[in-house]
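Worksheet for the structure shown next.
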2 protein chains.
Amino acid sequence: MASSHAFASQIDVARRAGVSAETVSRVSHGSSAVSERTKQKVLQAMNELEYRPNGAAQALKRGSFQTLGVALFDLRSTGNLLLLRAISESAALKGYSLTVQIVPHSKKVTLTDIYTHMRPQAVDGMIIILEQTMPDLEEFSPSPVLPVTIVTSLTTPHASTVDSDQEMAGRIATTRLLELGHHSVWFVSGPSDSIASQCREKGWRTTLIAHGIQPPTMLPACHGDWSPNSGYEAGCALARIPDCTAVYTANDAMANGVIAGLKDHGKRVPEDVSVIGEDDSLKDFEPHVRLSTISEDWTQVGKYAVAMTVDAIKNHRMAPRHELLPCQLIDRATTAPAPAES
Amino acid sequence: MASSHAFASQIDVARRAGVSAETVSRVSHGSSAVSERTKQKVLQAMNELEYRPNGAAQALKRGSFQTLGVALFDLRSTGNLLLLRAISESAALKGYSLTVQIVPHSKKVTLTDIYTHMRPQAVDGMIIILEQTMPDLEEFSPSPVLPVTIVTSLTTPHASTVDSDQEMAGRIATTRLLELGHHSVWFVSGPSDSIASQCREKGWRTTLIAHGIQPPTMLPACHGDWSPNSGYEAGCALARIPDCTAVYTANDAMANGVIAGLKDHGKRVPEDVSVIGEDDSLKDFEPHVRLSTISEDWTQVGKYAVAMTVDAIKNHRMAPRHELLPCQLIDRATTAPAPAES
DNA sequence: CTTCATTGTGTTAACGATAACAACTTGCGT
DNA sequence: ACGCAAGTTGTTATCGTTAACACAATGAAG
């Protein structure tokens, strides 16, 4: 007899309908051959007892949870958001639920920490959205029985990775500015431990060097922290450099700050200085966005992350894959040809 | 023998260490009396076999999943984001994991749809973050065996609810503008099916009426859709109303648009027109935010949502509770005393 | 009136972990 | 030598579900 505090089980339903548990199971799954009369009896009993199948028992029998674990560090960044949404959609399409773990990113956690924390959880595979560099990225080696896909632009020997190509972003932005006739390009970075920022910087640096240009030394003020105010400081500092006519900024929030800083020091954008940002996150907050930027295809990244994880679940002992997906320049109103020499 | 594609079970570990399964379980839990020698043997076997306890089996035995389901419609809104983070933190503190379900908000889903979709999932309780009005809000009645907390400013007879007090937000903003000497206050709404926008509008409307002021008819352009561009349209329309010296806008993105629209039509903010927004979401995208706004305490809302759900899980057949948490005016640079009569 | 497919239903035995108990060591006191 | 507690380990049964099989009942074909 089902007490008031417990769930009704299959057996309770079976008793009530005067059938066996297996028959209830068969009705639950809609499948197999059950006579119409029995089916109705069972369905009625299910309703009366508010029966819901016990997911744990099903998972135990099935041997899988149909669930992916997602670990991420912060939701404030637009990229992570869109990515989470894309992962959710793709996972749903493949019949997987999502268990989300938001890791406080102040702590000095390692990949292994995150992994061992999720290991005992009810998940069949994991996606780790990696923001900062991790000391154990090289050694990290997930067990083949619980595969992991890491979303990052770095590659690791023992786990699959996928990301929007951040280095390409740096290359595209820098190349575009050089094409416009600028003699060099200044860079405003994100936090020093941000992988995305590091890769964007590398793209910027290598492109300049490939064009035979010595990358300008980065001022202290140009080491930002993603915040618009840190961008403002950078803008103020860059305004004092007469040569500086082109800036690539590691995100749009800081780019907004850079532009404000430049303007407050008498520089016009784009007439005096061109600015390219990254992530196209302003359109939800400002009317008529003017900022030229790089847009990333997070939907695609999410799709890949889920697909790679599910593949690895179905086929353990699969070799790690590494995917980098292209991003795109959105040329708006903050980029212009270099001003004439003075 | 553990085959290459399957997880090692407790029994595999037991065999390897030459002990019984129960002993492995005891070592797993760190508890009970196990001799040091045996413990080491077991730990070694665990490592060698990469053992991880089967969450499904544990949940089945325990009778609970230690997991909360969270259903939400969109992650783009700042509120939902902060809320999800707060829920995640509170849940972790109480030993619960989170299964997140992002419901495509284009569809005409009902609360019952969401509930029945999550019912068979491996969750002990649910939190539904409700954005839009739902046709079945009145009738919706979750089973006591799977309690639900709905995050919404509306109340329902059969389920617990909690939210930041949206009506209060409308009252605070409107009251502040009236205190500054404005004769009336105009409102720019969000989408018509948004519960938050409806409540904010109600707070605005009742406050005006309480001061003996007939709320101005809402222009078609003042029915926005949260986007800054829709706010811009509203700003353009309001600029043509000479009486209009104070505007309360249902979110900050639209407020940004309203200000741009007003300025483009020769109105100064705040000298000619005062503007108050809502949600304080701009500080991550703009340096030196000037917009006066209402800030909501999502951390607190999340804490309540988790606490209420967990309480209901521990004590089924608990009466539904309804909580509304206070919000706060942040008075910055877009509010000023009403201009002198012309 | 058998024989044999067909259809519907019940029975058994797992899945992996663990509470509750039983059983076996020790070491100590008498 | 005996009894008894304390410490350690093994056994059994169970959580809810379902695959695989066993078994009835029915009807059609020979």
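Residues in the structure tokens are numbered from 1 in each chain, the chains being A, B, ... in the order shown, and ligands are numbered from 1 in the order shown.
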Please report, as a tab-separated table, each residue of chain C lying at most 10 Å from chain A, together with the nearest pair of atoms and the separation in Å rounded to one decimal; use only C-alpha atoms (C1' of nucleotides), and order rows by chain and ascending residue number.
residue	atom	partner	partner_atom	distance
C:DT7	C1'	A:Ala33	CA	7.6
C:DG8	C1'	A:Val34	CA	6.4
C:DT9	C1'	A:Thr23	CA	7.4
C:DG10	C1'	A:Ser20	CA	6.4
C:DT11	C1'	A:Ser20	CA	9.4
C:DA14	C1'	A:Lys61	CA	8.5
C:DC15	C1'	A:Lys61	CA	4.7
C:DG16	C1'	A:Leu60	CA	7.4
- Tell me which protein, DNA and RNA residues are within 12 Å of Gln44 of chain A, counting only C-alpha atoms (C1' of nucleotides), leaving out same-chain ones fewer than 3 positions away, and put them as a list in words.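 Within the cut-off, the hits are Val13, Ala14, Arg16, Ala17, Gly18, Val24, Val27, Arg37, Thr38, Lys39, Gln40, Lys41, Asn47, Glu48, Leu49, Glu50 and Tyr51 of chain A.
Interatomic distance, atom CA of Gly79 of chain A to atom CA of Trp298 of chain A: 6.8 Å.
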